[in-house]
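Report on the following structure.
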Amino acid sequence: MRKVIYHVATTVDGFIARADHSVEGFVSAGAVVDDYLAALRSDYDTALMGRRTYEFGLQFGVTSPYPWMQQYVFSRTLPESPDPAVQLVAGDAAAHVRALKAQPGQAIYLCGGGTLATALLAAGLVDELIVKQNPLLFGAGVPLFAAPIAPHSLELLSAKPYPSGVVLLHYRVR
């Protein structure tokens with residue numbers, strides 16, 4: 001069974017974006033970014049995105065953010081995909097991800113957002129979290145998970161600090 005890994009940048013106060021959905025202030029260069037890009041290339045073959053996460057890239061003209069992966073955008077409002085490499089899923093996200101997990105392949109990259117992550121966590125489909133905790137406080141914004149979520153125990157698999165102040169935290173969902 002393939003793993004779903006929520007691999008995401010966050011602030012110390014738990015936000016994945018500012019209230020206006022921008023990500024200004026997150027560390028965008030250096031060893032943590034190099035390691036992240038290497039992991040994207042080596043560890044995953046499928047990417048899952050919510051509509052707002054996908055639209056973040058669209059504003060910059062990026063229609064296929066992970067062209068080496070199978071890409072799925074979960075949305076009930078997008079009428080069609082602007083790119084043939086990106087498949088829209090309007091139906092039951094949990095059922096679709098459950099079917100993906102049963103297929104052979106590498107880990108599945110859940111890149112956001114908080115609403116999709118919350119739904120998949122509630123369905124018992126998120127196996128691990130890799131959190132790039134940035135030395136930053138937004139005070140408000142888009143949360144790591146949409147509230148409320150049920151309590152979950154996490155097992156710390158590793159923690160790696162970077163010179164930039166980012167701490168990479170890798171957890172298994174128990």
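The way I read the labels, and the way they are meant: chains A, B, ... in the order of the structure tokens, residue 1 as the first residue of every chain, and ligand 1 as the first ligand shown, with later ones counted on from there.
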List as JSON lines every residue of stretch 59-150 of chain A that is in contact with stretch 10-29 of chain A, defined as an atom at most 9 Å from one of its atoms (using only C-alpha atoms), together with the nearest atom pair and the distance in Å rounded to one decimal, sorted by chain and then rising number.
```
{"residue": "A:Gly112", "atom": "CA", "partner": "A:Ile16", "partner_atom": "CA", "distance": 8.6}
{"residue": "A:Gly113", "atom": "CA", "partner": "A:Ile16", "partner_atom": "CA", "distance": 8.0}
{"residue": "A:Gly114", "atom": "CA", "partner": "A:Ile16", "partner_atom": "CA", "distance": 7.9}
{"residue": "A:Val131", "atom": "CA", "partner": "A:Thr10", "partner_atom": "CA", "distance": 6.7}
{"residue": "A:Lys132", "atom": "CA", "partner": "A:Thr10", "partner_atom": "CA", "distance": 6.0}
{"residue": "A:Gln133", "atom": "CA", "partner": "A:Thr10", "partner_atom": "CA", "distance": 5.0}
{"residue": "A:Asn134", "atom": "CA", "partner": "A:Thr11", "partner_atom": "CA", "distance": 4.9}
{"residue": "A:Pro135", "atom": "CA", "partner": "A:Val12", "partner_atom": "CA", "distance": 6.3}
{"residue": "A:Leu136", "atom": "CA", "partner": "A:Thr11", "partner_atom": "CA", "distance": 5.2}
{"residue": "A:Leu137", "atom": "CA", "partner": "A:Thr11", "partner_atom": "CA", "distance": 5.7}
{"residue": "A:Phe138", "atom": "CA", "partner": "A:Arg18", "partner_atom": "CA", "distance": 6.5}
{"residue": "A:Gly139", "atom": "CA", "partner": "A:Asp13", "partner_atom": "CA", "distance": 6.9}
{"residue": "A:Ala140", "atom": "CA", "partner": "A:Ala19", "partner_atom": "CA", "distance": 6.2}
{"residue": "A:Gly141", "atom": "CA", "partner": "A:Ala19", "partner_atom": "CA", "distance": 3.7}
{"residue": "A:Val142", "atom": "CA", "partner": "A:Ala17", "partner_atom": "CA", "distance": 5.1}
{"residue": "A:Pro143", "atom": "CA", "partner": "A:Phe15", "partner_atom": "CA", "distance": 4.3}
{"residue": "A:Leu144", "atom": "CA", "partner": "A:Phe15", "partner_atom": "CA", "distance": 5.4}
{"residue": "A:Phe145", "atom": "CA", "partner": "A:Gly14", "partner_atom": "CA", "distance": 8.5}
```
How about saving the chosen residues, N, CA and C atoms kept, as a PDB file, in the first residue's frame?
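part.pdb, freshly written:
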```
ATOM      1  N   GLY A 112      -1.164  20.107  -0.512  1.00  0.00           N
ATOM      2  CA  GLY A 112      -2.076  21.104   0.063  1.00  0.00           C
ATOM      3  C   GLY A 112      -3.393  21.091  -0.664  1.00  0.00           C
ATOM      4  N   GLY A 113      -4.250  21.795  -0.103  1.00  0.00           N
ATOM      5  CA  GLY A 113      -4.148  22.627   1.062  1.00  0.00           C
ATOM      6  C   GLY A 113      -4.770  22.003   2.296  1.00  0.00           C
ATOM      7  N   GLY A 114      -5.016  22.878   3.251  1.00  0.00           N
ATOM      8  CA  GLY A 114      -5.492  22.455   4.549  1.00  0.00           C
ATOM      9  C   GLY A 114      -6.835  21.766   4.527  1.00  0.00           C
ATOM     10  N   VAL A 131       6.794  18.355   7.760  1.00  0.00           N
ATOM     11  CA  VAL A 131       6.490  19.764   7.991  1.00  0.00           C
ATOM     12  C   VAL A 131       7.792  20.550   7.977  1.00  0.00           C
ATOM     13  N   LYS A 132       7.878  21.501   7.051  1.00  0.00           N
ATOM     14  CA  LYS A 132       9.017  22.421   7.002  1.00  0.00           C
ATOM     15  C   LYS A 132       8.611  23.640   7.822  1.00  0.00           C
ATOM     16  N   GLN A 133       8.957  23.613   9.110  1.00  0.00           N
ATOM     17  CA  GLN A 133       8.545  24.678  10.015  1.00  0.00           C
ATOM     18  C   GLN A 133       9.490  25.868   9.862  1.00  0.00           C
ATOM     19  N   ASN A 134       8.951  26.947   9.300  1.00  0.00           N
ATOM     20  CA  ASN A 134       9.730  28.158   9.042  1.00  0.00           C
ATOM     21  C   ASN A 134       9.764  29.058  10.276  1.00  0.00           C
ATOM     22  N   PRO A 135      10.876  29.758  10.496  1.00  0.00           N
ATOM     23  CA  PRO A 135      11.006  30.639  11.658  1.00  0.00           C
ATOM     24  C   PRO A 135      10.244  31.938  11.413  1.00  0.00           C
ATOM     25  N   LEU A 136       8.935  31.819  11.500  1.00  0.00           N
ATOM     26  CA  LEU A 136       8.060  32.890  11.056  1.00  0.00           C
ATOM     27  C   LEU A 136       6.726  32.766  11.781  1.00  0.00           C
ATOM     28  N   LEU A 137       6.118  33.887  12.115  1.00  0.00           N
ATOM     29  CA  LEU A 137       4.762  33.926  12.668  1.00  0.00           C
ATOM     30  C   LEU A 137       3.908  34.794  11.757  1.00  0.00           C
ATOM     31  N   PHE A 138       2.809  34.226  11.248  1.00  0.00           N
ATOM     32  CA  PHE A 138       1.885  35.026  10.431  1.00  0.00           C
ATOM     33  C   PHE A 138       0.785  35.638  11.293  1.00  0.00           C
ATOM     34  N   GLY A 139       0.418  34.976  12.387  1.00  0.00           N
ATOM     35  CA  GLY A 139      -0.658  35.492  13.233  1.00  0.00           C
ATOM     36  C   GLY A 139      -2.040  35.131  12.738  1.00  0.00           C
ATOM     37  N   ALA A 140      -2.181  34.982  11.424  1.00  0.00           N
ATOM     38  CA  ALA A 140      -3.453  34.594  10.805  1.00  0.00           C
ATOM     39  C   ALA A 140      -3.120  34.107   9.406  1.00  0.00           C
ATOM     40  N   GLY A 141      -4.043  33.395   8.814  1.00  0.00           N
ATOM     41  CA  GLY A 141      -3.828  32.926   7.452  1.00  0.00           C
ATOM     42  C   GLY A 141      -4.507  31.609   7.192  1.00  0.00           C
ATOM     43  N   VAL A 142      -3.954  30.845   6.269  1.00  0.00           N
ATOM     44  CA  VAL A 142      -4.488  29.544   5.890  1.00  0.00           C
ATOM     45  C   VAL A 142      -3.847  28.503   6.808  1.00  0.00           C
ATOM     46  N   PRO A 143      -4.650  27.815   7.628  1.00  0.00           N
ATOM     47  CA  PRO A 143      -4.071  26.879   8.594  1.00  0.00           C
ATOM     48  C   PRO A 143      -3.595  25.578   7.947  1.00  0.00           C
ATOM     49  N   LEU A 144      -2.667  24.926   8.621  1.00  0.00           N
ATOM     50  CA  LEU A 144      -2.141  23.633   8.203  1.00  0.00           C
ATOM     51  C   LEU A 144      -3.275  22.634   8.001  1.00  0.00           C
ATOM     52  N   PHE A 145      -4.247  22.637   8.889  1.00  0.00           N
ATOM     53  CA  PHE A 145      -5.460  21.838   8.766  1.00  0.00           C
ATOM     54  C   PHE A 145      -6.653  22.757   8.977  1.00  0.00           C
TER      55      PHE A 145
END
```
Quiz item: Could you pull out all residues of chain A with a DSSP call of strand (DSSP E or B) and give them as a PyMOL selection string?
Solution: chain A and resi 4-11+15-17+44-50+70-74+86-89+107-112+128-134+142-143+154-161+167-173
Exercise. Could you tell me which of A:Arg174, A:Gly165, A:Pro67, A:Ala147 comes closest to A:Asp127 if we count only C-alpha atoms?
Key: A:Arg174
Quiz item: So which one's closest to A:Gly105, A:Ser64, A:Ser75, A:Ser164, A:Gln70? Using only C-alpha atoms, please.
Solution: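 Looking at the shortest contact to A:Gly105, the residue is A:Gln70.
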Self-check item: Surrounding residues of A:Ile108 excluding itself and chain neighbours under 5 positions, 12 Å, only C-alpha atoms, as an NGL selection string
Solution: :A and (1-7 or 39-49 or 69-72 or 97-103 or 125-129)
Quiz item: At what distance in Å, to one decimal, does atom CA of A:Arg51 lie from atom CA of A:Leu78?
Solution: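 Between atom CA of A:Leu78 and atom CA of A:Arg51 the gap works out to 7.6 Å.
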Practice problem: Find the residues around A:Leu168 up to 8 Å (only C-alpha atoms counted), leave out those fewer than 2 positions away in its own chain, and share them as number ranges by chain. | Solution: A: 130-133, 158-162, 166, 170
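Restricting the calculation to only C-alpha atoms, the smallest distance between A:Ser81 and any of A:Leu58, A:Ala38, A:Ala107, A:Ala146 is found for A:Leu58.
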Exercise. Return as a ChimeraX atom specification the full set of residues in stretch 31-137 of chain A whose backbone-based DSSP assignment is alpha helix (DSSP H).
Key: /A:31-43,51-58,93-102,114-122
Same residues, N, CA and C atoms, output as a short mmCIF file (atom, residue, chain, number, x, y, z; two decimals), in the first residue's frame:
```cif
data_model
loop_
_atom_site.label_atom_id
_atom_site.label_comp_id
_atom_site.auth_asym_id
_atom_site.auth_seq_id
_atom_site.Cartn_x
_atom_site.Cartn_y
_atom_site.Cartn_z
N ALA A 31 19.67 25.02 1.53
CA ALA A 31 19.68 23.56 1.68
C ALA A 31 18.30 22.97 1.87
N VAL A 32 17.42 23.65 2.61
CA VAL A 32 16.08 23.09 2.82
C VAL A 32 15.32 23.00 1.51
N VAL A 33 15.47 23.98 0.64
CA VAL A 33 14.80 23.96 -0.66
C VAL A 33 15.44 22.90 -1.55
N ASP A 34 16.75 22.80 -1.52
CA ASP A 34 17.44 21.76 -2.30
C ASP A 34 16.96 20.36 -1.88
N ASP A 35 16.87 20.12 -0.58
CA ASP A 35 16.41 18.82 -0.09
C ASP A 35 14.96 18.56 -0.47
N TYR A 36 14.13 19.59 -0.39
CA TYR A 36 12.71 19.46 -0.77
C TYR A 36 12.59 19.08 -2.24
N LEU A 37 13.30 19.80 -3.11
CA LEU A 37 13.22 19.51 -4.55
C LEU A 37 13.76 18.11 -4.86
N ALA A 38 14.80 17.68 -4.18
CA ALA A 38 15.32 16.33 -4.38
C ALA A 38 14.29 15.29 -3.95
N ALA A 39 13.61 15.53 -2.83
CA ALA A 39 12.58 14.60 -2.37
C ALA A 39 11.42 14.53 -3.36
N LEU A 40 11.04 15.67 -3.92
CA LEU A 40 9.96 15.66 -4.92
C LEU A 40 10.30 14.76 -6.09
N ARG A 41 11.53 14.82 -6.52
CA ARG A 41 11.98 14.03 -7.68
C ARG A 41 12.15 12.55 -7.37
N SER A 42 12.59 12.24 -6.14
CA SER A 42 12.95 10.84 -5.85
C SER A 42 11.89 10.05 -5.08
N ASP A 43 11.07 10.72 -4.28
CA ASP A 43 10.19 10.00 -3.36
C ASP A 43 8.75 9.84 -3.83
N ARG A 51 -8.07 22.81 -4.85
CA ARG A 51 -8.25 23.83 -5.88
C ARG A 51 -7.44 25.09 -5.59
N ARG A 52 -7.48 25.58 -4.36
CA ARG A 52 -6.77 26.83 -4.06
C ARG A 52 -5.26 26.67 -4.17
N THR A 53 -4.75 25.51 -3.79
CA THR A 53 -3.31 25.25 -3.95
C THR A 53 -2.95 25.27 -5.43
N TYR A 54 -3.76 24.62 -6.24
CA TYR A 54 -3.51 24.59 -7.69
C TYR A 54 -3.62 26.00 -8.28
N GLU A 55 -4.62 26.76 -7.87
CA GLU A 55 -4.80 28.11 -8.40
C GLU A 55 -3.66 29.04 -8.02
N PHE A 56 -2.97 28.75 -6.92
CA PHE A 56 -1.80 29.57 -6.55
C PHE A 56 -0.80 29.55 -7.70
N GLY A 57 -0.49 28.38 -8.24
CA GLY A 57 0.44 28.28 -9.37
C GLY A 57 -0.13 28.86 -10.65
N LEU A 58 -1.45 28.71 -10.84
CA LEU A 58 -2.07 29.24 -12.06
C LEU A 58 -1.87 30.74 -12.20
N ALA A 93 -13.17 12.61 -2.64
CA ALA A 93 -11.70 12.65 -2.58
C ALA A 93 -11.16 11.42 -1.86
N ALA A 94 -11.79 11.02 -0.76
CA ALA A 94 -11.29 9.88 0.00
C ALA A 94 -11.34 8.60 -0.83
N ALA A 95 -12.40 8.38 -1.54
CA ALA A 95 -12.51 7.17 -2.37
C ALA A 95 -11.46 7.17 -3.47
N HIS A 96 -11.24 8.33 -4.07
CA HIS A 96 -10.23 8.43 -5.13
C HIS A 96 -8.83 8.15 -4.57
N VAL A 97 -8.50 8.73 -3.44
CA VAL A 97 -7.17 8.55 -2.85
C VAL A 97 -7.01 7.11 -2.36
N ARG A 98 -8.06 6.53 -1.82
CA ARG A 98 -8.01 5.14 -1.38
C ARG A 98 -7.64 4.24 -2.57
N ALA A 99 -8.23 4.50 -3.73
CA ALA A 99 -7.92 3.72 -4.94
C ALA A 99 -6.48 3.96 -5.39
N LEU A 100 -6.00 5.20 -5.31
CA LEU A 100 -4.61 5.50 -5.67
C LEU A 100 -3.63 4.77 -4.76
N LYS A 101 -3.94 4.73 -3.46
CA LYS A 101 -3.06 4.06 -2.51
C LYS A 101 -2.93 2.57 -2.81
N ALA A 102 -3.96 1.99 -3.37
CA ALA A 102 -3.96 0.55 -3.66
C ALA A 102 -3.17 0.21 -4.93
N GLY A 114 -5.02 22.88 3.25
CA GLY A 114 -5.49 22.45 4.55
C GLY A 114 -6.84 21.77 4.53
N THR A 115 -7.73 22.18 3.65
CA THR A 115 -9.05 21.57 3.57
C THR A 115 -8.96 20.14 3.06
N LEU A 116 -8.19 19.93 1.98
CA LEU A 116 -8.00 18.58 1.45
C LEU A 116 -7.26 17.72 2.46
N ALA A 117 -6.23 18.24 3.09
CA ALA A 117 -5.48 17.49 4.09
C ALA A 117 -6.38 17.06 5.25
N THR A 118 -7.27 17.95 5.67
CA THR A 118 -8.19 17.63 6.76
C THR A 118 -9.12 16.49 6.37
N ALA A 119 -9.67 16.56 5.17
CA ALA A 119 -10.59 15.50 4.71
C ALA A 119 -9.88 14.16 4.61
N LEU A 120 -8.66 14.16 4.09
CA LEU A 120 -7.93 12.90 3.95
C LEU A 120 -7.45 12.37 5.30
N LEU A 121 -7.07 13.26 6.22
CA LEU A 121 -6.69 12.83 7.56
C LEU A 121 -7.90 12.20 8.27
N ALA A 122 -9.05 12.84 8.16
CA ALA A 122 -10.27 12.33 8.79
C ALA A 122 -10.65 10.96 8.25
#
```
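Note that atom CA of A:Ala90 and atom CA of A:His152 are 27.3 Å apart.
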Quiz item: Given the choices A:Leu169, A:Trp68, A:Thr63, A:Gln106, which gets closest to A:Pro82 if the distance is worked out from only C-alpha atoms?
Solution: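 Ranking A:Leu169, A:Trp68, A:Thr63, A:Gln106 by distance to A:Pro82, first place goes to A:Thr63.
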Quiz prompt | Coordinates-based distance that separates atom CA of A:Ile149 from atom CA of A:Leu88 (Å, one decimal) | solution = 25.3 Å
Quiz item: Nearest to A:Gly91 among A:Tyr109, A:Tyr66, A:Phe60, A:Phe74, with distances taken over only C-alpha atoms: which residue is it?
Solution: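 Result for the nearest residue to A:Gly91: A:Phe74.
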